[in-house]
>>> print(open('protein10.txt').read())   # compact mmCIF, C-alpha atoms
# COMPACT_ATOMS: atom_id res chain seq x y z
CA MET A 1 -27.08 -6.63 -43.62
CA SER A 2 -25.23 -9.81 -44.42
CA ASN A 3 -21.60 -10.42 -43.57
CA ALA A 4 -19.86 -9.88 -46.90
CA SER A 5 -17.14 -12.47 -46.35
CA GLY A 6 -19.16 -15.11 -44.57
CA ILE A 7 -16.83 -14.78 -41.55
CA PRO A 8 -18.30 -13.97 -38.13
CA GLY A 9 -18.06 -10.32 -37.10
CA ARG A 10 -15.48 -8.97 -34.67
CA GLY A 11 -17.89 -7.70 -32.04
CA THR A 12 -18.26 -4.23 -30.58
CA ARG A 13 -14.56 -3.38 -30.49
CA GLY A 14 -14.16 -4.37 -34.14
CA ALA A 15 -17.19 -2.30 -35.14
CA VAL A 16 -15.70 0.77 -33.43
CA LEU A 17 -12.41 0.26 -35.26
CA LEU A 18 -14.17 -0.11 -38.61
CA LEU A 19 -16.23 3.01 -38.10
CA THR A 20 -13.08 4.89 -37.13
CA ALA A 21 -11.39 3.75 -40.34
CA ALA A 22 -14.47 4.78 -42.29
CA ALA A 23 -14.38 8.24 -40.73
CA LEU A 24 -10.71 8.66 -41.62
CA LEU A 25 -11.45 7.66 -45.19
CA GLY A 26 -14.51 9.79 -45.63
CA LEU A 27 -16.51 6.60 -46.24
CA THR A 28 -20.23 6.29 -45.68
CA ALA A 29 -20.64 3.33 -43.33
CA GLN A 30 -24.29 2.84 -44.30
CA GLY A 31 -23.63 -0.35 -46.25
CA VAL A 32 -25.73 -1.48 -49.19
CA GLY A 33 -28.20 1.13 -50.34
CA ALA A 34 -26.07 4.16 -49.42
CA ALA A 35 -26.69 6.90 -51.96
CA GLY A 36 -23.42 8.82 -52.04
CA VAL A 37 -22.19 10.26 -55.33
CA SER A 38 -18.60 11.27 -55.99
CA ASP A 39 -18.23 14.94 -56.87
CA GLN A 40 -15.10 14.37 -58.96
CA PRO A 41 -14.95 15.69 -62.56
CA GLU A 42 -14.68 13.37 -65.56
CA SER A 43 -12.27 13.26 -68.47
CA PRO A 44 -12.09 10.99 -71.57
CA ARG A 45 -8.29 10.78 -71.33
CA ILE A 46 -6.15 11.24 -68.24
CA PRO A 47 -2.34 11.50 -68.52
CA PHE A 48 -0.53 9.10 -66.22
CA VAL A 49 0.85 10.71 -63.07
CA GLN A 50 2.87 9.25 -60.25
CA ARG A 51 0.37 8.61 -57.49
CA TYR A 52 2.84 7.19 -54.94
CA HIS A 53 6.61 6.97 -54.66
CA ALA A 54 8.96 5.75 -51.93
CA VAL A 55 12.41 4.28 -51.45
CA GLN A 56 12.08 1.91 -48.51
CA HIS A 57 12.50 -1.65 -47.30
CA GLY A 58 9.29 -3.27 -48.47
CA GLY A 59 7.33 -3.71 -51.67
CA ILE A 60 4.05 -3.44 -53.56
CA VAL A 61 1.35 -6.13 -53.62
CA ARG A 62 -1.98 -6.16 -55.36
CA THR A 63 -5.16 -8.17 -55.46
CA ALA A 64 -7.93 -8.01 -58.05
CA ASN A 65 -10.98 -9.63 -59.61
CA ALA A 66 -13.50 -9.20 -62.41
CA ALA A 67 -17.10 -8.04 -61.87
CA ILE A 68 -18.76 -9.73 -64.84
CA THR A 69 -18.45 -12.97 -66.83
CA CYS A 70 -20.11 -14.88 -69.66
CA ARG A 71 -23.47 -16.63 -69.35
CA THR A 72 -24.35 -18.05 -72.80
CA PRO A 73 -22.76 -17.96 -76.30
CA GLU A 74 -24.34 -15.45 -78.66
CA THR A 75 -22.34 -15.86 -81.88
CA THR A 76 -21.88 -18.80 -84.21
CA GLY A 77 -18.89 -20.92 -83.28
CA ALA A 78 -18.44 -19.47 -79.78
CA ALA A 79 -17.42 -22.12 -77.26
CA PRO A 80 -19.60 -22.89 -74.21
CA CYS A 81 -19.11 -20.39 -71.42
CA ALA A 82 -17.16 -22.92 -69.34
CA THR A 83 -14.38 -22.84 -71.94
CA PRO A 84 -13.20 -19.25 -71.40
CA GLN A 85 -13.94 -19.41 -67.68
CA GLY A 86 -11.56 -22.37 -67.49
CA GLY A 87 -8.85 -20.50 -69.39
CA GLY A 88 -9.71 -21.19 -73.02
CA ARG A 89 -10.04 -18.70 -75.83
CA GLY A 90 -13.10 -16.50 -76.01
CA VAL A 91 -13.93 -12.79 -76.21
CA ASN A 92 -16.69 -10.90 -74.45
CA GLY A 93 -18.40 -9.83 -77.67
CA ASP A 94 -19.30 -13.47 -78.36
CA TYR A 95 -21.32 -13.92 -75.16
CA GLU A 96 -24.30 -12.79 -73.17
CA MET A 97 -22.52 -11.36 -70.13
CA PHE A 98 -23.83 -11.38 -66.57
CA TYR A 99 -22.59 -10.22 -63.17
CA THR A 100 -20.51 -12.20 -60.74
CA ASP A 101 -22.17 -12.02 -57.30
CA GLU A 102 -20.30 -13.88 -54.58
CA ASP A 103 -21.78 -12.39 -51.43
CA ASP A 104 -25.00 -13.51 -49.74
CA ASP A 105 -26.65 -10.09 -49.86
CA PRO A 106 -29.74 -9.76 -52.12
CA ASN A 107 -29.21 -5.99 -52.33
CA THR A 108 -25.99 -6.23 -54.37
CA TYR A 109 -26.13 -7.12 -58.05
CA ASN A 110 -22.39 -7.71 -58.48
CA SER A 111 -19.65 -8.66 -56.04
CA SER A 112 -16.34 -10.49 -56.20
CA ARG A 113 -13.56 -11.32 -53.78
CA ALA A 114 -9.79 -11.70 -53.81
CA ARG A 115 -7.18 -12.34 -51.16
CA LEU A 116 -4.63 -9.65 -50.31
CA ALA A 117 -1.31 -11.15 -49.16
CA LEU A 118 1.04 -9.11 -46.95
CA PRO A 119 4.21 -10.22 -45.13
CA ALA A 120 3.75 -10.78 -41.42
CA GLY A 121 4.69 -7.59 -39.58
CA ALA A 122 4.53 -5.37 -42.67
CA ARG A 123 3.10 -1.86 -42.28
CA VAL A 124 0.87 -0.54 -45.04
CA SER A 125 2.26 2.72 -46.45
CA TYR A 126 -0.36 3.38 -49.11
CA ALA A 127 -3.37 1.59 -50.59
CA ARG A 128 -5.45 2.59 -53.59
CA LEU A 129 -8.53 0.89 -55.00
CA TYR A 130 -9.25 1.10 -58.75
CA TRP A 131 -12.48 0.02 -60.41
CA GLY A 132 -13.99 0.38 -63.87
CA GLY A 133 -15.93 -1.14 -66.72
CA ASN A 134 -18.21 -0.65 -69.71
CA LEU A 135 -21.54 1.13 -69.11
CA ARG A 136 -23.20 0.30 -72.43
CA VAL A 137 -23.82 -3.30 -73.51
CA GLY A 138 -27.33 -4.81 -73.63
CA GLU A 139 -28.26 -2.13 -71.09
CA GLN A 140 -27.01 1.39 -70.42
CA LYS A 141 -25.83 2.25 -66.92
CA PRO A 142 -25.90 5.89 -65.72
CA PRO A 143 -22.42 7.44 -65.35
CA GLU A 144 -23.50 9.14 -62.11
CA ASP A 145 -22.70 5.86 -60.35
CA ASN A 146 -19.15 5.55 -61.74
CA GLY A 147 -17.52 7.03 -58.66
CA ARG A 148 -19.06 4.75 -56.05
CA VAL A 149 -18.45 1.15 -54.92
CA LEU A 150 -18.95 -0.92 -51.79
CA VAL A 151 -15.96 -2.51 -50.05
CA ALA A 152 -15.81 -5.11 -47.28
CA GLU A 153 -12.51 -5.88 -45.59
CA PRO A 154 -11.76 -9.41 -44.28
CA GLY A 155 -14.43 -10.25 -41.72
CA GLY A 156 -16.13 -6.89 -42.17
CA ARG A 157 -19.26 -5.39 -43.66
CA TYR A 158 -19.77 -3.17 -46.66
CA LYS A 159 -18.77 0.47 -46.54
CA GLU A 160 -19.28 2.95 -49.33
CA VAL A 161 -16.16 4.22 -51.08
CA LEU A 162 -16.33 7.33 -53.28
CA ALA A 163 -13.78 8.28 -55.93
CA ASP A 164 -11.44 11.01 -54.72
CA THR A 165 -9.86 12.04 -58.02
CA THR A 166 -10.81 12.72 -61.64
CA ILE A 167 -12.90 9.89 -63.09
CA ALA A 168 -12.04 8.62 -66.54
CA HIS A 169 -15.11 8.36 -68.75
CA ARG A 170 -14.83 7.78 -72.49
CA ASP A 171 -17.85 7.22 -74.75
CA ALA A 172 -16.46 6.11 -78.13
CA ASP A 173 -15.81 3.12 -80.39
CA GLY A 174 -19.03 1.37 -79.30
CA ALA A 175 -18.09 1.43 -75.61
CA ASP A 176 -18.90 3.69 -72.67
CA ALA A 177 -15.86 3.02 -70.51
CA PHE A 178 -14.74 4.43 -67.16
CA GLN A 179 -12.19 4.06 -64.38
CA ALA A 180 -12.41 5.51 -60.88
CA SER A 181 -10.20 5.21 -57.80
CA ALA A 182 -9.89 6.11 -54.12
CA ASP A 183 -7.26 6.15 -51.39
CA ILE A 184 -8.29 3.53 -48.81
CA THR A 185 -5.01 3.44 -46.88
CA PRO A 186 -6.50 3.69 -43.35
CA LEU A 187 -8.91 0.82 -43.97
CA VAL A 188 -6.25 -1.49 -45.44
CA ARG A 189 -3.76 -0.51 -42.72
CA GLN A 190 -6.32 -1.45 -40.07
CA ALA A 191 -7.70 -4.63 -41.69
CA GLY A 192 -4.60 -6.02 -43.39
CA ALA A 193 -4.33 -9.27 -45.30
CA GLY A 194 -7.23 -11.53 -46.16
CA LEU A 195 -10.22 -11.81 -48.44
CA TRP A 196 -11.48 -8.42 -49.66
CA THR A 197 -14.87 -7.97 -51.35
CA VAL A 198 -15.81 -5.23 -53.83
CA ALA A 199 -19.43 -4.80 -54.95
CA GLN A 200 -21.69 -2.57 -57.03
CA ILE A 201 -19.17 -1.66 -59.73
CA ASN A 202 -21.11 0.27 -62.36
CA VAL A 203 -20.92 -2.31 -65.15
CA ALA A 204 -23.55 -3.10 -67.80
CA MET A 205 -24.66 -6.64 -68.57
CA GLY A 206 -25.99 -8.18 -71.78
CA HIS A 207 -24.60 -8.70 -75.27
CA SER A 208 -23.13 -6.35 -77.83
CA ARG A 209 -20.44 -6.54 -80.46
CA THR A 210 -18.12 -4.51 -78.22
CA GLY A 211 -18.90 -6.65 -75.17
CA ALA A 212 -19.08 -6.17 -71.43
CA TRP A 213 -16.11 -5.93 -69.10
CA GLY A 214 -15.26 -4.65 -65.64
CA GLY A 215 -13.31 -5.30 -62.47
CA TRP A 216 -11.22 -3.91 -59.64
CA THR A 217 -7.59 -3.80 -58.48
CA LEU A 218 -6.27 -2.97 -55.01
CA ALA A 219 -2.60 -1.85 -55.04
CA VAL A 220 -0.83 -1.70 -51.66
CA ALA A 221 2.66 -0.41 -50.84
CA TYR A 222 4.16 -1.59 -47.56
CA GLU A 223 7.23 -1.26 -45.33
CA ASP A 224 9.06 -4.32 -44.02
CA PRO A 225 12.57 -4.06 -42.52
CA ALA A 226 13.22 -7.71 -43.40
CA GLU A 227 12.97 -7.02 -47.15
CA PRO A 228 15.48 -5.38 -49.52
CA LEU A 229 15.65 -1.63 -50.09
CA ARG A 230 13.38 -0.95 -53.04
CA HIS A 231 12.18 1.81 -55.30
CA LEU A 232 8.35 1.76 -55.27
CA SER A 233 6.28 3.73 -57.76
CA LEU A 234 2.57 3.74 -58.63
CA TRP A 235 1.07 5.62 -61.57
CA ASP A 236 -2.48 5.91 -62.77
CA GLY A 237 -4.38 7.59 -65.58
CA PHE A 238 -6.60 6.51 -68.45
CA GLN A 239 -5.20 6.10 -71.93
CA THR A 240 -7.09 4.27 -74.69
CA LEU A 241 -4.77 2.78 -77.28
CA ASN A 242 -6.25 2.32 -80.75
CA ALA A 243 -5.55 3.18 -84.39
CA GLU A 244 -5.64 6.89 -83.57
CA HIS A 245 -3.39 6.55 -80.51
CA PRO A 246 -1.36 3.35 -81.03
CA SER A 247 1.17 3.85 -78.22
CA TYR A 248 1.74 5.45 -74.84
CA GLU A 249 4.93 5.74 -72.78
CA ILE A 250 5.57 6.08 -69.05
CA THR A 251 9.09 6.69 -67.70
CA LEU A 252 10.52 5.93 -64.28
CA ASP A 253 13.65 7.97 -63.46
CA GLY A 254 15.93 8.15 -60.46
CA LEU A 255 16.79 4.47 -60.17
CA ARG A 256 20.06 3.26 -58.62
CA VAL A 257 20.05 -0.37 -59.66
CA PRO A 258 22.59 -2.62 -57.88
CA ALA A 259 24.06 -5.87 -59.20
CA GLY A 260 21.65 -8.79 -58.96
CA ALA A 261 18.60 -6.58 -58.66
CA LYS A 262 15.09 -7.99 -58.92
CA GLY A 263 11.80 -6.31 -59.65
CA ILE A 264 8.21 -6.50 -60.85
CA ALA A 265 5.78 -4.37 -62.81
CA GLY A 266 2.00 -4.46 -62.39
CA ILE A 267 -0.62 -3.29 -64.87
CA ALA A 268 -4.40 -2.95 -64.94
CA GLY A 269 -6.37 -2.40 -68.12
CA TYR A 270 -9.72 -2.79 -69.83
CA ASP A 271 -11.12 -4.46 -72.95
CA GLY A 272 -8.11 -6.58 -73.87
CA ASP A 273 -9.21 -9.62 -75.90
CA ARG A 274 -7.51 -13.00 -75.62
CA GLY A 275 -6.14 -14.21 -78.93
CA VAL A 276 -6.23 -10.80 -80.60
CA THR A 277 -2.55 -10.09 -81.09
CA GLY A 278 -0.76 -6.77 -81.25
CA ASP A 279 -1.20 -5.60 -77.62
CA ARG A 280 2.26 -5.39 -76.10
CA ALA A 281 4.64 -3.41 -73.90
CA ARG A 282 8.38 -2.95 -74.08
CA ILE A 283 10.79 -1.71 -71.41
CA ARG A 284 13.67 0.47 -72.60
CA THR A 285 16.51 1.27 -70.20
CA ASN A 286 18.73 4.36 -70.27
CA THR A 287 21.48 2.08 -71.61
CA GLY A 288 19.47 1.59 -74.81
CA LYS A 289 18.49 -2.04 -74.25
CA THR A 290 14.88 -3.11 -74.78
CA PHE A 291 12.96 -5.93 -73.10
CA GLU A 292 9.47 -7.32 -73.72
CA LEU A 293 7.04 -7.18 -70.82
CA GLU A 294 5.81 -10.77 -70.87
CA ASN A 295 5.50 -14.09 -69.06
CA ALA A 296 4.00 -17.52 -69.64
CA ASP A 297 0.45 -16.25 -69.01
CA ASN A 298 0.89 -12.99 -70.91
CA PRO A 299 2.75 -13.50 -74.21
CA ALA A 300 4.59 -10.56 -75.73
CA GLY A 301 2.16 -10.18 -78.62
CA ASP A 302 -1.00 -10.57 -76.52
CA LEU A 303 -0.18 -8.86 -73.25
CA MET A 304 -3.72 -7.61 -72.62
CA ASN A 305 -5.33 -11.04 -72.81
CA SER A 306 -7.99 -10.94 -70.08
CA THR A 307 -5.99 -12.40 -67.19
CA ILE A 308 -5.39 -11.79 -63.50
CA THR A 309 -1.97 -13.31 -62.92
CA GLY A 310 1.31 -13.13 -61.00
CA PRO A 311 3.57 -12.90 -59.31
CA GLY A 312 4.22 -16.50 -58.29
CA THR A 313 1.34 -18.24 -56.59
CA GLU A 314 -2.06 -17.56 -58.13
CA ILE A 315 -4.30 -15.16 -56.21
CA VAL A 316 -7.14 -16.75 -54.27
CA ARG A 317 -10.26 -15.30 -55.93
CA GLN A 318 -14.01 -15.87 -55.84
CA PRO A 319 -14.87 -16.49 -58.63
CA ALA A 320 -11.51 -17.52 -60.08
CA HIS A 321 -12.22 -17.42 -63.82
CA LYS A 322 -8.99 -17.70 -65.78
CA ASN A 323 -10.24 -15.75 -68.81
CA THR A 324 -11.81 -12.60 -67.37
CA LEU A 325 -13.24 -11.56 -70.75
CA GLY A 326 -11.98 -8.00 -70.87
CA TYR A 327 -10.31 -7.20 -67.56
CA ASP A 328 -6.53 -7.39 -67.00
CA SER A 329 -4.62 -7.08 -63.74
CA ASP A 330 -1.18 -8.67 -64.07
CA VAL A 331 2.17 -8.60 -62.27
CA LEU A 332 5.25 -9.49 -64.33
CA ASP A 333 8.93 -10.02 -63.59
CA ILE A 334 11.23 -7.25 -64.90
CA GLY A 335 14.50 -8.53 -63.45
CA ALA A 336 16.09 -8.84 -66.89
CA ALA A 337 15.87 -5.06 -67.35
CA LEU A 338 17.35 -4.25 -63.93
CA VAL A 339 21.02 -4.39 -64.85
CA SER A 340 23.56 -2.76 -62.55
CA GLY A 341 23.89 0.93 -63.37
CA VAL A 342 20.43 1.40 -64.91
CA THR A 343 18.90 4.72 -63.84
CA SER A 344 15.64 4.82 -65.80
CA LEU A 345 13.01 2.55 -67.33
CA SER A 346 10.57 3.59 -70.04
CA PHE A 347 7.44 1.47 -70.45
CA ARG A 348 6.04 1.76 -73.96
CA PHE A 349 2.54 0.30 -74.39
CA GLU A 350 1.40 -0.44 -77.96
CA THR A 351 -1.48 -1.84 -79.97
CA GLU A 352 -1.94 -2.91 -83.58
CA ASN A 353 -5.58 -4.01 -83.69
CA LEU A 354 -8.69 -3.43 -81.57
CA GLY A 355 -6.81 -1.79 -78.71
CA TYR A 356 -7.42 -1.49 -74.97
CA SER A 357 -7.48 1.10 -72.18
CA LEU A 358 -4.60 1.34 -69.72
CA GLY A 359 -5.42 2.44 -66.17
CA VAL A 360 -2.65 1.49 -63.72
CA LEU A 361 1.10 0.82 -63.70
CA PHE A 362 3.27 0.11 -60.66
CA VAL A 363 6.94 -0.83 -60.37
CA GLN A 364 8.96 -2.40 -57.57
CA ALA A 365 12.73 -2.43 -58.15
CA ASP A 366 15.68 -3.23 -55.87
CA THR A 367 17.81 -0.15 -55.33
CA ARG A 368 20.70 1.23 -53.30
CA ARG A 369 21.21 4.48 -51.44
>>> encode(input="protein10.txt", output="structure tokens")
Amino acid sequence: MSNASGIPGRGTRGAVLLLTAAALLGLTAQGVGAAGVSDQPESPRIPFVQRYHAVQHGGIVRTANAAITCRTPETTGAAPCATPQGGGRGVNGDYEMFYTDEDDDPNTYNSSRARLALPAGARVSYARLYWGGNLRVGEQKPPEDNGRVLVAEPGGRYKEVLADTTIAHRDADGADAFQASADITPLVRQAGAGLWTVAQINVAMGHSRTGAWGGWTLAVAYEDPAEPLRHLSLWDGFQTLNAEHPSYEITLDGLRVPAGAKGIAGIAGYDGDRGVTGDRARIRTNTGKTFELENADNPAGDLMNSTITGPGTEIVRQPAHKNTLGYDSDVLDIGAALVSGVTSLSFRFETENLGYSLGVLFVQADTRR
């Protein structure tokens, strides 16, 4: 099998370490062609629950990429595919969509990479991989494959990862959408920072009015004694916002915000269209003040705008399309809401038009004992 990252292997010792990590994870280290199927149940809506929480010196980082992109325009007036890929306007329903495939393995039909950045000396506390997409576009993919992907750590080879919790699967509104996830803490703790590859996400290609979308996000909490004491929280679920369900709220309690606190919030979602306004989120503190969740790349009225952005320096990704045509994984500054004395933050996600599906929220906030 090919080396997924194009980097020479680590030799016998490295192979032993990787197989050990795979055993700890319950992974199948058979590589491409492994036939494992997750035995997790499915649900069309999953309430958000707190997946991870800690108060420690450290933080949360994430990396992400899309699994599919445009190939040719299919509707009158749609710009050439290079326009949205370069950051211009465009929605997936206007294009024939086809897989991204960055590895050199003929057995994978989609693969993409993104660099995970961790501070030197940091210890990984928790790592969770999320993946999802639309199963019905020009083709229909079987949902039996929703709970399985292939993952290659920096310098490593593919290992099968199976979902370890309830899989979201919603067939409605012209889409057949899903999200799955798995705890891959031992593998990330062993491999660390670098270019990670995720392949074989169960995403359909082709053209439809609803459009194709799909991608993955890796969220990693870490400890680092050189960093401030922080409140770290990660939630996941699957909530589709539309005319029937126009809002959804998630609340973080137990904060002890000091003066001068800083913080970030990260989100991952599906089927957000750039230029279609009305997708937004507001943060309300226990003091009654409200703040828009926004930045230069994600305006307040178009938060779910098919971007993978923040914080700070842009993630190294292969491919690095700026308009991901239906997949969002963004990290935004929330320092304005972290006023001294704040003890809770409520994140209210809203839509006014076509809607989107929310899958992940994480928060990193400076705190005190």
>>> residues_around(input="protein10.txt", residues="A:Asn146", least_positions_apart="2", cutoff="7 Å", atoms="all atoms listed in the file", output="list in words")
Pro143, Glu144, Arg148, Ala180 and Asn202 of chain A
>>> closest_residue(input="protein10.txt", among="A:Thr287, A:Phe238, A:Met304, A:Asp333", to="A:Phe48", atoms="all atoms listed in the file")
A:Phe238
>>> atom_distance(input="protein10.txt", atom1="atom CA of A:Thr108", atom2="atom CA of A:Gly132")
16.7 Å
>>> residues_around(input="protein10.txt", residues="A:Ala182", least_positions_apart="4", cutoff="10 Å", atoms="all atoms listed in the file", output="count of residues only")
15
>>> residues_around(input="protein10.txt", residues="A:Cys81", least_positions_apart="2", cutoff="10 Å", atoms="only C-alpha atoms", output="count of residues only")
17
>>> closest_residue(input="protein10.txt", among="A:Pro246, A:Pro225, A:Gly174, A:Gly192", to="A:Ala212", atoms="all atoms listed in the file")
A:Gly174
>>> atom_distance(input="protein10.txt", atom1="atom CA of A:Arg157", atom2="atom CA of A:Thr217")
18.9 Å
>>> closest_residue(input="protein10.txt", among="A:Ala67, A:Gln56, A:Gly138, A:Ser111", to="A:Ser125", atoms="only C-alpha atoms")
A:Gln56
>>> closest_residue(input="protein10.txt", among="A:Asn323, A:Thr166, A:Thr309, A:Ser247", to="A:Ile68", atoms="all atoms listed in the file")
A:Asn323
>>> closest_residue(input="protein10.txt", among="A:Ala337, A:Pro80, A:Ala265, A:Leu358", to="A:Leu232", atoms="only C-alpha atoms")
A:Ala265
>>> closest_residue(input="protein10.txt", among="A:Ile283, A:Leu187, A:Ala175, A:Ala300", to="A:Gly93", atoms="only C-alpha atoms")
A:Ala175
>>> residues_around(input="protein10.txt", residues="A:Val220", least_positions_apart="3", cutoff="6 Å", atoms="all atoms listed in the file", output="number ranges by chain")
A: 60-62, 126-127
>>> residues_around(input="protein10.txt", residues="A:Ser346", least_positions_apart="4", cutoff="7 Å", atoms="only C-alpha atoms", output="ChimeraX atom specification")
/A:249-252,283-285
>>> atom_distance(input="protein10.txt", atom1="atom CA of A:Ser306", atom2="atom CA of A:Tyr356")
10.7 Å
>>> build_atoms(input="protein10.txt", residues="stretch 79-92 of chain A", atoms="N, CA and C atoms", output="CSV table (one decimal), in the frame of the given file")
chain,number,residue,atom,x,y,z
A,79,ALA,N,-17.5,-21.0,-78.1
A,79,ALA,CA,-17.4,-22.1,-77.3
A,79,ALA,C,-18.4,-21.9,-76.1
A,80,PRO,N,-18.8,-23.0,-75.4
A,80,PRO,CA,-19.6,-22.9,-74.2
A,80,PRO,C,-18.9,-22.0,-73.2
A,81,CYS,N,-19.7,-21.4,-72.4
A,81,CYS,CA,-19.1,-20.4,-71.4
A,81,CYS,C,-18.0,-21.0,-70.5
A,82,ALA,N,-18.2,-22.3,-70.2
A,82,ALA,CA,-17.2,-22.9,-69.3
A,82,ALA,C,-15.8,-22.9,-70.0
A,83,THR,N,-15.7,-22.8,-71.3
A,83,THR,CA,-14.4,-22.8,-71.9
A,83,THR,C,-13.5,-21.6,-71.6
A,84,PRO,N,-14.0,-20.4,-71.8
A,84,PRO,CA,-13.2,-19.2,-71.4
A,84,PRO,C,-13.0,-19.1,-69.9
A,85,GLN,N,-14.1,-19.5,-69.1
A,85,GLN,CA,-13.9,-19.4,-67.7
A,85,GLN,C,-12.8,-20.3,-67.2
A,86,GLY,N,-12.6,-21.4,-67.9
A,86,GLY,CA,-11.6,-22.4,-67.5
A,86,GLY,C,-10.2,-22.0,-68.1
A,87,GLY,N,-10.1,-21.0,-68.9
A,87,GLY,CA,-8.8,-20.5,-69.4
A,87,GLY,C,-8.7,-20.6,-70.9
A,88,GLY,N,-9.8,-21.1,-71.6
A,88,GLY,CA,-9.7,-21.2,-73.0
A,88,GLY,C,-10.0,-19.9,-73.7
A,89,ARG,N,-9.8,-19.9,-75.0
A,89,ARG,CA,-10.0,-18.7,-75.8
A,89,ARG,C,-11.5,-18.3,-75.8
A,90,GLY,N,-11.8,-17.0,-76.0
A,90,GLY,CA,-13.1,-16.5,-76.0
A,90,GLY,C,-13.0,-15.0,-75.7
A,91,VAL,N,-13.9,-14.2,-76.4
A,91,VAL,CA,-13.9,-12.8,-76.2
A,91,VAL,C,-15.3,-12.4,-75.8
A,92,ASN,N,-15.4,-11.3,-75.1
A,92,ASN,CA,-16.7,-10.9,-74.4
A,92,ASN,C,-17.8,-10.6,-75.5
